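Asks: Sharing a structure here in structure tokens format.
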Amino acid sequence: MAVLQLNNASKTFGQKKILENISFELKTGEILGVFGRNGSGKSTLLKILFGTLKSDVLDLKIDGKSFRGSEIIKHQKIGYLPQFSFLPSSNRVWDVVPKFFEDGNLQDRVMRDPGINRISGTRISELSQGERRYLELQLVGNLAHPFLMLDEPFSMVEPLYIEHINRFLLQLKETKGIILTDHYYRNVWNISDRKKLIKEGKMYTVETKENLQEFGYIRSFD
Amino acid sequence: MWQFYLDVTKFGLGFYVLSLIILSPFYAALTFGVFGTFIGLIGFNQFHKNEYYTYYNLGYTKKRLVSTAWIFNLLLCLPLMGLGTLLAMFF
């Protein structure tokens, strides 16, 4: 089992404090749902963890070993699905898959996924937003990193794909620790083992659905 | 990573062709070798910036991507400089 520990991460942009002393622990085998309104700092937190944004203070340990922000990418401990599309748009799906996986069995597994198989010859630029999102999730999710951060994986995805994604995440959870954030909060709520919320730069533990209301994230939870 | 190199170098080669208007083939190739990657990066950042995250997920840092592309282009400029010298001899 791998353990990721983040202690006292802080980030300011100019005078504005975006994140203040954020700390949490994540183990493989669990999904941590992170809620927060637009601009609350969720994506900033994920970028800091991935090392593409420098924090004011960062104390990140994976299995007890400290990592600087600049070391995270090369050690391939954390995979990251950003909010935006990031695949080379001129490539076809069957060109992109081998770029992510040298292992032929893994390539086959991804290509045989029903959601991928039917778009295998399509250019990335011609995929619908939902198809592209699903492909990106499959690619990043199947990488060997022990931790995975997903920023809005359900965004623009049709209901049938959401079921696929839920199943896929539960399967990934067996070997990975996952941080999940999305405004489709019901999906996040249902699949997360633990929940946190970021508000005004601080991270709070969420135990009940009512907590989401109390923190002003939602009006009601049907 | 090869994809990154191609995407950067297509802009760099465009710069090389344009520089032939004002520079000799030899110096245009030398300019491409030294500065072409940086011009290519401007183009990449303009049109493919999000694609960095493909490479990041595969373990390639921006520093590694850029330095490798720069070394490749520096090597590529050598035959281009040789070709430029030959062209200058015959024309």
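Order determines the names: the first chain of the structure tokens is A, the second B, and so forth; residues in each chain are numbered 1 upward, and ligands are numbered 1 upward as they are shown.
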Please build the interface table for chain A against chain B with a cut-off of 7 Å, listing for each qualifying residue the nearest atom pair and the distance in Å to one decimal; count only C-alpha atoms, order rows by chain and increasing number, and write it as a tab-separated table.
Replies:
```
residue	atom	partner	partner_atom	distance
A:Ile73	CA	B:Gly59	CA	5.1
A:Lys74	CA	B:Gly59	CA	4.6
A:His75	CA	B:Gly59	CA	6.8
A:Gln76	CA	B:Gly59	CA	5.5
A:Gly79	CA	B:Asn57	CA	5.7
A:Tyr80	CA	B:Asn57	CA	6.6
A:Ser85	CA	B:Asn50	CA	6.8
A:Phe86	CA	B:Glu51	CA	4.4
A:Leu87	CA	B:Glu51	CA	5.5
A:Pro88	CA	B:Glu51	CA	6.0
A:Phe100	CA	B:Leu58	CA	6.9
```
Asks: Considering only helix (DSSP H, G or I) as DSSP defines it on the backbone, what residues of stretch 155-217 of chain A qualify? List them as number ranges by chain.
Replies: A: 159-173, 185-191, 209-214
Asks: Keeping only N, CA and C atoms, take the residues you just selected and write them out as a JSON list (two decimals), in the first residue's frame.
Replies:
```
[["chain", "number", "residue", "atom", "x", "y", "z"],
["A", 159, "PRO", "N", -24.62, 9.95, -19.87],
["A", 159, "PRO", "CA", -24.93, 9.08, -18.73],
["A", 159, "PRO", "C", -24.36, 7.67, -18.84],
["A", 160, "LEU", "N", -24.42, 7.07, -20.03],
["A", 160, "LEU", "CA", -23.90, 5.70, -20.17],
["A", 160, "LEU", "C", -22.41, 5.64, -19.87],
["A", 161, "TYR", "N", -21.69, 6.67, -20.29],
["A", 161, "TYR", "CA", -20.25, 6.71, -20.04],
["A", 161, "TYR", "C", -19.97, 6.93, -18.55],
["A", 162, "ILE", "N", -20.86, 7.67, -17.90],
["A", 162, "ILE", "CA", -20.67, 7.91, -16.45],
["A", 162, "ILE", "C", -20.70, 6.58, -15.70],
["A", 163, "GLU", "N", -21.59, 5.70, -16.13],
["A", 163, "GLU", "CA", -21.61, 4.36, -15.50],
["A", 163, "GLU", "C", -20.28, 3.64, -15.73],
["A", 164, "HIS", "N", -19.78, 3.75, -16.97],
["A", 164, "HIS", "CA", -18.48, 3.13, -17.30],
["A", 164, "HIS", "C", -17.39, 3.72, -16.40],
["A", 165, "ILE", "N", -17.42, 5.04, -16.27],
["A", 165, "ILE", "CA", -16.38, 5.73, -15.49],
["A", 165, "ILE", "C", -16.43, 5.28, -14.03],
["A", 166, "ASN", "N", -17.65, 5.20, -13.49],
["A", 166, "ASN", "CA", -17.77, 4.76, -12.09],
["A", 166, "ASN", "C", -17.18, 3.37, -11.89],
["A", 167, "ARG", "N", -17.50, 2.48, -12.82],
["A", 167, "ARG", "CA", -16.97, 1.12, -12.71],
["A", 167, "ARG", "C", -15.44, 1.12, -12.84],
["A", 168, "PHE", "N", -14.96, 1.94, -13.78],
["A", 168, "PHE", "CA", -13.52, 2.02, -14.02],
["A", 168, "PHE", "C", -12.79, 2.56, -12.79],
["A", 169, "LEU", "N", -13.37, 3.58, -12.17],
["A", 169, "LEU", "CA", -12.73, 4.17, -10.98],
["A", 169, "LEU", "C", -12.69, 3.17, -9.82],
["A", 170, "LEU", "N", -13.77, 2.43, -9.67],
["A", 170, "LEU", "CA", -13.79, 1.42, -8.59],
["A", 170, "LEU", "C", -12.75, 0.33, -8.85],
["A", 171, "GLN", "N", -12.56, 0.02, -10.12],
["A", 171, "GLN", "CA", -11.54, -0.97, -10.49],
["A", 171, "GLN", "C", -10.13, -0.40, -10.23],
["A", 172, "LEU", "N", -9.94, 0.88, -10.59],
["A", 172, "LEU", "CA", -8.63, 1.52, -10.38],
["A", 172, "LEU", "C", -8.30, 1.64, -8.90],
["A", 173, "LYS", "N", -9.34, 1.85, -8.11],
["A", 173, "LYS", "CA", -9.16, 2.06, -6.67],
["A", 173, "LYS", "C", -8.46, 0.89, -6.00],
["A", 185, "TYR", "N", -21.50, 16.74, -8.39],
["A", 185, "TYR", "CA", -21.11, 16.35, -7.04],
["A", 185, "TYR", "C", -21.77, 15.06, -6.58],
["A", 186, "ARG", "N", -22.93, 14.72, -7.15],
["A", 186, "ARG", "CA", -23.57, 13.46, -6.74],
["A", 186, "ARG", "C", -22.68, 12.27, -7.11],
["A", 187, "ASN", "N", -22.11, 12.34, -8.31],
["A", 187, "ASN", "CA", -21.21, 11.25, -8.74],
["A", 187, "ASN", "C", -20.01, 11.15, -7.81],
["A", 188, "VAL", "N", -19.47, 12.32, -7.47],
["A", 188, "VAL", "CA", -18.30, 12.33, -6.57],
["A", 188, "VAL", "C", -18.70, 11.78, -5.20],
["A", 189, "TRP", "N", -19.85, 12.22, -4.72],
["A", 189, "TRP", "CA", -20.31, 11.79, -3.40],
["A", 189, "TRP", "C", -20.47, 10.27, -3.35],
["A", 190, "ASN", "N", -21.11, 9.74, -4.38],
["A", 190, "ASN", "CA", -21.44, 8.31, -4.36],
["A", 190, "ASN", "C", -20.21, 7.41, -4.41],
["A", 191, "ILE", "N", -19.18, 7.87, -5.06],
["A", 191, "ILE", "CA", -18.03, 6.98, -5.30],
["A", 191, "ILE", "C", -16.87, 7.21, -4.31],
["A", 209, "LYS", "N", -24.06, 14.80, 3.95],
["A", 209, "LYS", "CA", -24.51, 15.63, 2.84],
["A", 209, "LYS", "C", -24.91, 17.03, 3.35],
["A", 210, "GLU", "N", -25.39, 17.07, 4.57],
["A", 210, "GLU", "CA", -25.80, 18.35, 5.14],
["A", 210, "GLU", "C", -24.59, 19.29, 5.28],
["A", 211, "ASN", "N", -23.43, 18.70, 5.48],
["A", 211, "ASN", "CA", -22.21, 19.54, 5.59],
["A", 211, "ASN", "C", -22.01, 20.36, 4.33],
["A", 212, "LEU", "N", -22.33, 19.75, 3.18],
["A", 212, "LEU", "CA", -22.16, 20.48, 1.91],
["A", 212, "LEU", "C", -23.04, 21.72, 1.89],
["A", 213, "GLN", "N", -24.23, 21.59, 2.46],
["A", 213, "GLN", "CA", -25.14, 22.74, 2.55],
["A", 213, "GLN", "C", -24.58, 23.77, 3.54],
["A", 214, "GLU", "N", -24.12, 23.27, 4.67],
["A", 214, "GLU", "CA", -23.62, 24.19, 5.71],
["A", 214, "GLU", "C", -22.43, 25.01, 5.22]]
```
Asks: Suppose you want the space between atom CA of B:Ser19 and atom CA of B:Leu76; what is it in Å?
Replies: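 Atom CA of B:Ser19 sits 16.1 Å away from atom CA of B:Leu76.
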Asks: Could you tell me how far atom CA of A:Leu148 sits from atom CA of A:Val34, in Å to one decimal place?
Replies: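 About the pair atom CA of A:Val34 and atom CA of A:Leu148: they are 13.2 Å apart.
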Asks: Please identify all polymer residues within 10 Å of B:Gly12, counting only C-alpha atoms, omitting same-chain residues fewer than 3 positions from it, and present them as a list in words.
Replies: Leu6, Asp7, Val8, Thr9, Phe15, Tyr16, Val17, Leu18, Phe32, Gly33, Phe35, Gly36, Thr37, Phe38, Ile39, Gly40, Leu41, Ile42, Gly43, Phe44 and Asn73 of chain B
Asks: In terms of the shortest atom-to-atom distance over only C-alpha atoms, which of A:Arg109, A:Lys54, A:Lys17, A:Lys27 is closest to A:Ala2?
Replies: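 With only C-alpha atoms as the atom set, the closest residue is A:Lys27.
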